[in-house]
Amino acid sequence: MAKPEKPKPELEQYTTPADVAADMLWIALSNGDIQGRRVVDLGCGNGILGIGAALLGASSVHCYDVDPRMVELCKQNAAAAGVNVIADAEDALLVDGEFDTAIQNPPFGAQNPGADRPFIRTAVRIAKVAYSLHNAETIGFVMKFCEGLNADVLHIKNYKFKIPYMFEFHNKKAEFVYVSLIRIVPRR
């Protein structure tokens with residue numbers, strides 16, 4: 001799967017590692033939240049999560065990213081994988097519709113504090129269940145934030161997320177960040 005050539009640091013465009021994406025999708029599939037479901041991928045980047053959901057039998061997949069370059073990359077990757085996804089350029093807060101499942105790896109807020117909040121708000125508003133990755137150091141806050149949105153939260157799993165040298169401010173060949181996967185279920 002092609003990755004972005006010139007990712008934007010202010011958007012924290014780090015590609016979800018394949019092993020993390022596969023495990024995340026497997027967990028969602030095992031919970032009955034992918035196959036035959038309407039799936040939305042918020043902040044899709046190269047489309048790894050949305051395309052994976054389509055390969056696992058989602059009835060429809062909509063991918064959104066604020067960066068039109070990422071939307072085009074997602075479309076190219078979907079075509080290469082032989083799956084149909086709808087991909088549009090849209091700010092996460094403005095995405096609308098009704099979906100069964102949201103899957104997302106939002107910005108962690110390292111460059112812009114609180115950058116993950118619009119993704120959480122939208123996922124809770126438009127989906128029956130959401131799977132979301134967050135910096136493990138902030139998971140307590142993220143869980144309280146979700147509860148404030150009238151959503152039940154289950155902390156599922158932690159991952160060691162590899163971030164390769166990508167930007168001029170990086171000073172190591174790779175950095176490892178611990179991330180947490182949560183499952184969010186809005187109370188309706």
# chains A, B, ... in the order shown; residues from 1 in each chain; ligands from 1
$ residues_around --residues "range 59-68 of chain A" --least-positions-apart "3" --cutoff "6 Å" --atoms "only C-alpha atoms" --output "NGL selection string"
:A and (36-44 or 71 or 85-91)
$ write_last_selection --atoms "N, CA and C atoms" --output "PDB file, in the first residue's frame"
ATOM      1  N   GLY A  36     -20.562  -6.747   6.504  1.00  0.00           N
ATOM      2  CA  GLY A  36     -21.939  -6.351   6.262  1.00  0.00           C
ATOM      3  C   GLY A  36     -22.327  -5.019   6.886  1.00  0.00           C
ATOM      4  N   ARG A  37     -21.369  -4.274   7.378  1.00  0.00           N
ATOM      5  CA  ARG A  37     -21.626  -3.001   8.076  1.00  0.00           C
ATOM      6  C   ARG A  37     -21.243  -1.804   7.203  1.00  0.00           C
ATOM      7  N   ARG A  38     -21.872  -0.679   7.483  1.00  0.00           N
ATOM      8  CA  ARG A  38     -21.519   0.601   6.854  1.00  0.00           C
ATOM      9  C   ARG A  38     -20.398   1.203   7.693  1.00  0.00           C
ATOM     10  N   VAL A  39     -19.218   1.316   7.093  1.00  0.00           N
ATOM     11  CA  VAL A  39     -18.022   1.727   7.823  1.00  0.00           C
ATOM     12  C   VAL A  39     -17.566   3.100   7.339  1.00  0.00           C
ATOM     13  N   VAL A  40     -17.110   3.923   8.280  1.00  0.00           N
ATOM     14  CA  VAL A  40     -16.519   5.211   7.963  1.00  0.00           C
ATOM     15  C   VAL A  40     -15.116   5.251   8.558  1.00  0.00           C
ATOM     16  N   ASP A  41     -14.169   5.726   7.755  1.00  0.00           N
ATOM     17  CA  ASP A  41     -12.774   5.899   8.183  1.00  0.00           C
ATOM     18  C   ASP A  41     -12.516   7.396   8.227  1.00  0.00           C
ATOM     19  N   LEU A  42     -12.399   7.940   9.437  1.00  0.00           N
ATOM     20  CA  LEU A  42     -12.188   9.371   9.617  1.00  0.00           C
ATOM     21  C   LEU A  42     -10.694   9.663   9.688  1.00  0.00           C
ATOM     22  N   GLY A  43     -10.238  10.618   8.869  1.00  0.00           N
ATOM     23  CA  GLY A  43      -8.804  10.907   8.789  1.00  0.00           C
ATOM     24  C   GLY A  43      -8.092   9.754   8.125  1.00  0.00           C
ATOM     25  N   CYS A  44      -8.587   9.338   6.976  1.00  0.00           N
ATOM     26  CA  CYS A  44      -8.191   8.065   6.357  1.00  0.00           C
ATOM     27  C   CYS A  44      -6.733   7.974   5.927  1.00  0.00           C
ATOM     28  N   VAL A  71      -6.782  11.910   0.096  1.00  0.00           N
ATOM     29  CA  VAL A  71      -7.983  11.328  -0.519  1.00  0.00           C
ATOM     30  C   VAL A  71      -7.602  10.655  -1.839  1.00  0.00           C
ATOM     31  N   VAL A  85     -14.295   1.990  -2.385  1.00  0.00           N
ATOM     32  CA  VAL A  85     -14.529   2.866  -1.249  1.00  0.00           C
ATOM     33  C   VAL A  85     -14.872   4.246  -1.810  1.00  0.00           C
ATOM     34  N   ILE A  86     -15.666   4.968  -1.070  1.00  0.00           N
ATOM     35  CA  ILE A  86     -15.958   6.361  -1.418  1.00  0.00           C
ATOM     36  C   ILE A  86     -15.012   7.203  -0.570  1.00  0.00           C
ATOM     37  N   ALA A  87     -14.241   8.060  -1.206  1.00  0.00           N
ATOM     38  CA  ALA A  87     -13.270   8.885  -0.482  1.00  0.00           C
ATOM     39  C   ALA A  87     -13.501  10.352  -0.832  1.00  0.00           C
ATOM     40  N   ASP A  88     -13.620  11.175   0.208  1.00  0.00           N
ATOM     41  CA  ASP A  88     -13.878  12.601   0.019  1.00  0.00           C
ATOM     42  C   ASP A  88     -13.001  13.432   0.943  1.00  0.00           C
ATOM     43  N   ALA A  89     -12.679  14.632   0.476  1.00  0.00           N
ATOM     44  CA  ALA A  89     -11.946  15.593   1.296  1.00  0.00           C
ATOM     45  C   ALA A  89     -12.955  16.336   2.173  1.00  0.00           C
ATOM     46  N   GLU A  90     -12.799  16.190   3.475  1.00  0.00           N
ATOM     47  CA  GLU A  90     -13.725  16.826   4.419  1.00  0.00           C
ATOM     48  C   GLU A  90     -13.075  16.898   5.786  1.00  0.00           C
ATOM     49  N   ASP A  91     -13.310  17.976   6.486  1.00  0.00           N
ATOM     50  CA  ASP A  91     -12.871  18.117   7.863  1.00  0.00           C
ATOM     51  C   ASP A  91     -13.655  17.136   8.725  1.00  0.00           C
TER      52      ASP A  91
END
$ select_by_dssp --residues "range 2-181 of chain A" --states "alpha helix (DSSP H)" --output "PyMOL selection string"
chain A and resi 18-30+48-55+68-81+117-126+139-148
$ residues_around --residues "range 28-32 of chain A" --least-positions-apart "3" --cutoff "8 Å" --atoms "only C-alpha atoms" --output "list in words"
Met24, Leu25, Gln35, Leu56 and Tyr131 of chain A
$ write_last_selection --atoms "C-alpha atoms" --output "PDB file, in the first residue's frame"
ATOM      1  CA  MET A  24      -7.470  -3.353  14.966  1.00  0.00           C
ATOM      2  CA  LEU A  25      -9.608  -4.545  12.046  1.00  0.00           C
ATOM      3  CA  GLN A  35     -18.688  -7.564   7.810  1.00  0.00           C
ATOM      4  CA  LEU A  56     -13.178  -7.874   5.204  1.00  0.00           C
ATOM      5  CA  TYR A 131     -12.598   1.985  17.138  1.00  0.00           C
TER       6      TYR A 131
END
$ select_by_dssp --residues "chain A" --states "strand (DSSP E or B)" --output "PyMOL selection string"
chain A and resi 38-42+60-65+86-89+99-104+127-135+151-164+174-186
$ residues_around --residues "Gly47 in chain A" --least-positions-apart "2" --cutoff "12 Å" --atoms "only C-alpha atoms" --output "ChimeraX atom specification"
/A:1-4,13-18,21,40-45,49-55,61-65,69-81,83-88,103-105
$ write_last_selection --atoms "C-alpha atoms" --output "mmCIF file, in the first residue's frame"
data_model
loop_
_atom_site.group_PDB
_atom_site.id
_atom_site.type_symbol
_atom_site.label_atom_id
_atom_site.label_comp_id
_atom_site.auth_asym_id
_atom_site.auth_seq_id
_atom_site.Cartn_x
_atom_site.Cartn_y
_atom_site.Cartn_z
ATOM 1 C CA MET A 1 0.000 0.000 0.000
ATOM 2 C CA ALA A 2 1.438 3.341 -1.056
ATOM 3 C CA LYS A 3 2.260 5.821 1.681
ATOM 4 C CA PRO A 4 2.186 9.618 1.463
ATOM 5 C CA GLN A 13 0.067 12.322 8.939
ATOM 6 C CA TYR A 14 1.726 9.195 10.298
ATOM 7 C CA THR A 15 0.622 6.061 8.495
ATOM 8 C CA THR A 16 -0.933 3.387 10.695
ATOM 9 C CA PRO A 17 1.522 0.444 10.763
ATOM 10 C CA ALA A 18 0.167 -2.587 8.901
ATOM 11 C CA ALA A 21 -4.200 -1.841 11.343
ATOM 12 C CA VAL A 40 -16.519 5.211 7.963
ATOM 13 C CA ASP A 41 -12.774 5.899 8.183
ATOM 14 C CA LEU A 42 -12.188 9.371 9.617
ATOM 15 C CA GLY A 43 -8.804 10.907 8.789
ATOM 16 C CA CYS A 44 -8.191 8.065 6.357
ATOM 17 C CA GLY A 45 -4.697 9.010 5.200
ATOM 18 C CA LEU A 49 -8.192 1.051 7.699
ATOM 19 C CA GLY A 50 -11.033 1.718 5.271
ATOM 20 C CA ILE A 51 -9.565 -0.489 2.563
ATOM 21 C CA GLY A 52 -8.992 -3.232 5.125
ATOM 22 C CA ALA A 53 -12.652 -2.975 6.184
ATOM 23 C CA ALA A 54 -13.734 -3.277 2.543
ATOM 24 C CA LEU A 55 -11.542 -6.374 2.097
ATOM 25 C CA VAL A 61 -16.859 2.188 3.211
ATOM 26 C CA HIS A 62 -16.591 5.976 3.253
ATOM 27 C CA CYS A 63 -13.140 7.472 3.792
ATOM 28 C CA TYR A 64 -12.608 11.104 4.747
ATOM 29 C CA ASP A 65 -9.495 13.214 5.096
ATOM 30 C CA ARG A 69 -3.748 14.561 -1.508
ATOM 31 C CA MET A 70 -4.546 11.855 1.045
ATOM 32 C CA VAL A 71 -7.983 11.328 -0.519
ATOM 33 C CA GLU A 72 -6.362 10.739 -3.917
ATOM 34 C CA LEU A 73 -3.819 8.358 -2.369
ATOM 35 C CA CYS A 74 -6.655 6.465 -0.656
ATOM 36 C CA LYS A 75 -8.495 6.148 -3.983
ATOM 37 C CA GLN A 76 -5.332 4.876 -5.716
ATOM 38 C CA ASN A 77 -4.708 2.323 -2.956
ATOM 39 C CA ALA A 78 -8.335 1.150 -3.064
ATOM 40 C CA ALA A 79 -8.139 0.664 -6.826
ATOM 41 C CA ALA A 80 -4.882 -1.275 -6.443
ATOM 42 C CA ALA A 81 -6.538 -3.489 -3.793
ATOM 43 C CA VAL A 83 -12.119 -2.639 -3.570
ATOM 44 C CA ASN A 84 -14.713 0.079 -3.805
ATOM 45 C CA VAL A 85 -14.529 2.866 -1.249
ATOM 46 C CA ILE A 86 -15.958 6.361 -1.418
ATOM 47 C CA ALA A 87 -13.270 8.885 -0.482
ATOM 48 C CA ASP A 88 -13.878 12.601 0.019
ATOM 49 C CA ILE A 103 -12.531 3.305 12.485
ATOM 50 C CA GLN A 104 -9.858 5.901 12.970
ATOM 51 C CA ASN A 105 -6.311 6.781 13.836
#
$ decode --residues "range 45-126 of chain A" --atoms "C-alpha atoms" --output "mmCIF file, in the first residue's frame"
data_model
loop_
_atom_site.group_PDB
_atom_site.id
_atom_site.type_symbol
_atom_site.label_atom_id
_atom_site.label_comp_id
_atom_site.auth_asym_id
_atom_site.auth_seq_id
_atom_site.Cartn_x
_atom_site.Cartn_y
_atom_site.Cartn_z
ATOM 1 C CA GLY A 45 -4.697 9.010 5.200
ATOM 2 C CA ASN A 46 -3.619 6.362 2.707
ATOM 3 C CA GLY A 47 -6.800 4.381 3.428
ATOM 4 C CA ILE A 48 -5.294 1.409 5.234
ATOM 5 C CA LEU A 49 -8.192 1.051 7.699
ATOM 6 C CA GLY A 50 -11.033 1.718 5.271
ATOM 7 C CA ILE A 51 -9.565 -0.489 2.563
ATOM 8 C CA GLY A 52 -8.992 -3.232 5.125
ATOM 9 C CA ALA A 53 -12.652 -2.975 6.184
ATOM 10 C CA ALA A 54 -13.734 -3.277 2.543
ATOM 11 C CA LEU A 55 -11.542 -6.374 2.097
ATOM 12 C CA LEU A 56 -13.178 -7.874 5.204
ATOM 13 C CA GLY A 57 -16.678 -7.513 3.776
ATOM 14 C CA ALA A 58 -18.022 -4.136 4.884
ATOM 15 C CA SER A 59 -21.219 -3.351 2.948
ATOM 16 C CA SER A 60 -19.920 0.165 2.263
ATOM 17 C CA VAL A 61 -16.859 2.188 3.211
ATOM 18 C CA HIS A 62 -16.591 5.976 3.253
ATOM 19 C CA CYS A 63 -13.140 7.472 3.792
ATOM 20 C CA TYR A 64 -12.608 11.104 4.747
ATOM 21 C CA ASP A 65 -9.495 13.214 5.096
ATOM 22 C CA VAL A 66 -9.062 16.976 5.230
ATOM 23 C CA ASP A 67 -6.073 16.722 2.860
ATOM 24 C CA PRO A 68 -7.135 16.192 -0.795
ATOM 25 C CA ARG A 69 -3.748 14.561 -1.508
ATOM 26 C CA MET A 70 -4.546 11.855 1.045
ATOM 27 C CA VAL A 71 -7.983 11.328 -0.519
ATOM 28 C CA GLU A 72 -6.362 10.739 -3.917
ATOM 29 C CA LEU A 73 -3.819 8.358 -2.369
ATOM 30 C CA CYS A 74 -6.655 6.465 -0.656
ATOM 31 C CA LYS A 75 -8.495 6.148 -3.983
ATOM 32 C CA GLN A 76 -5.332 4.876 -5.716
ATOM 33 C CA ASN A 77 -4.708 2.323 -2.956
ATOM 34 C CA ALA A 78 -8.335 1.150 -3.064
ATOM 35 C CA ALA A 79 -8.139 0.664 -6.826
ATOM 36 C CA ALA A 80 -4.882 -1.275 -6.443
ATOM 37 C CA ALA A 81 -6.538 -3.489 -3.793
ATOM 38 C CA GLY A 82 -9.570 -4.017 -6.043
ATOM 39 C CA VAL A 83 -12.119 -2.639 -3.570
ATOM 40 C CA ASN A 84 -14.713 0.079 -3.805
ATOM 41 C CA VAL A 85 -14.529 2.866 -1.249
ATOM 42 C CA ILE A 86 -15.958 6.361 -1.418
ATOM 43 C CA ALA A 87 -13.270 8.885 -0.482
ATOM 44 C CA ASP A 88 -13.878 12.601 0.019
ATOM 45 C CA ALA A 89 -11.946 15.593 1.296
ATOM 46 C CA GLU A 90 -13.725 16.826 4.419
ATOM 47 C CA ASP A 91 -12.871 18.117 7.863
ATOM 48 C CA ALA A 92 -13.639 15.468 10.493
ATOM 49 C CA LEU A 93 -16.041 17.762 12.338
ATOM 50 C CA LEU A 94 -18.146 18.283 9.213
ATOM 51 C CA VAL A 95 -18.601 14.640 8.221
ATOM 52 C CA ASP A 96 -22.243 13.646 8.366
ATOM 53 C CA GLY A 97 -24.271 10.522 7.743
ATOM 54 C CA GLU A 98 -25.268 7.338 9.517
ATOM 55 C CA PHE A 99 -22.758 4.526 9.869
ATOM 56 C CA ASP A 100 -22.544 1.307 11.812
ATOM 57 C CA THR A 101 -18.819 1.539 12.544
ATOM 58 C CA ALA A 102 -16.195 4.275 12.634
ATOM 59 C CA ILE A 103 -12.531 3.305 12.485
ATOM 60 C CA GLN A 104 -9.858 5.901 12.970
ATOM 61 C CA ASN A 105 -6.311 6.781 13.836
ATOM 62 C CA PRO A 106 -6.745 10.497 14.550
ATOM 63 C CA PRO A 107 -3.912 12.933 15.196
ATOM 64 C CA PHE A 108 -2.677 12.468 18.758
ATOM 65 C CA GLY A 109 -2.401 16.204 19.375
ATOM 66 C CA ALA A 110 1.404 16.380 19.532
ATOM 67 C CA GLN A 111 1.486 19.289 17.062
ATOM 68 C CA ASN A 112 -1.990 20.677 17.800
ATOM 69 C CA PRO A 113 -3.293 19.866 21.287
ATOM 70 C CA GLY A 114 -6.829 18.481 21.197
ATOM 71 C CA ALA A 115 -6.595 17.510 17.511
ATOM 72 C CA ASP A 116 -8.197 14.136 18.256
ATOM 73 C CA ARG A 117 -11.356 15.635 19.804
ATOM 74 C CA PRO A 118 -13.182 16.481 16.543
ATOM 75 C CA PHE A 119 -12.676 12.886 15.400
ATOM 76 C CA ILE A 120 -14.109 11.513 18.636
ATOM 77 C CA ARG A 121 -17.074 13.913 18.546
ATOM 78 C CA THR A 122 -17.896 12.986 14.965
ATOM 79 C CA ALA A 123 -17.499 9.243 15.526
ATOM 80 C CA VAL A 124 -19.870 9.371 18.506
ATOM 81 C CA ARG A 125 -22.366 11.460 16.512
ATOM 82 C CA ILE A 126 -22.471 9.425 13.271
#
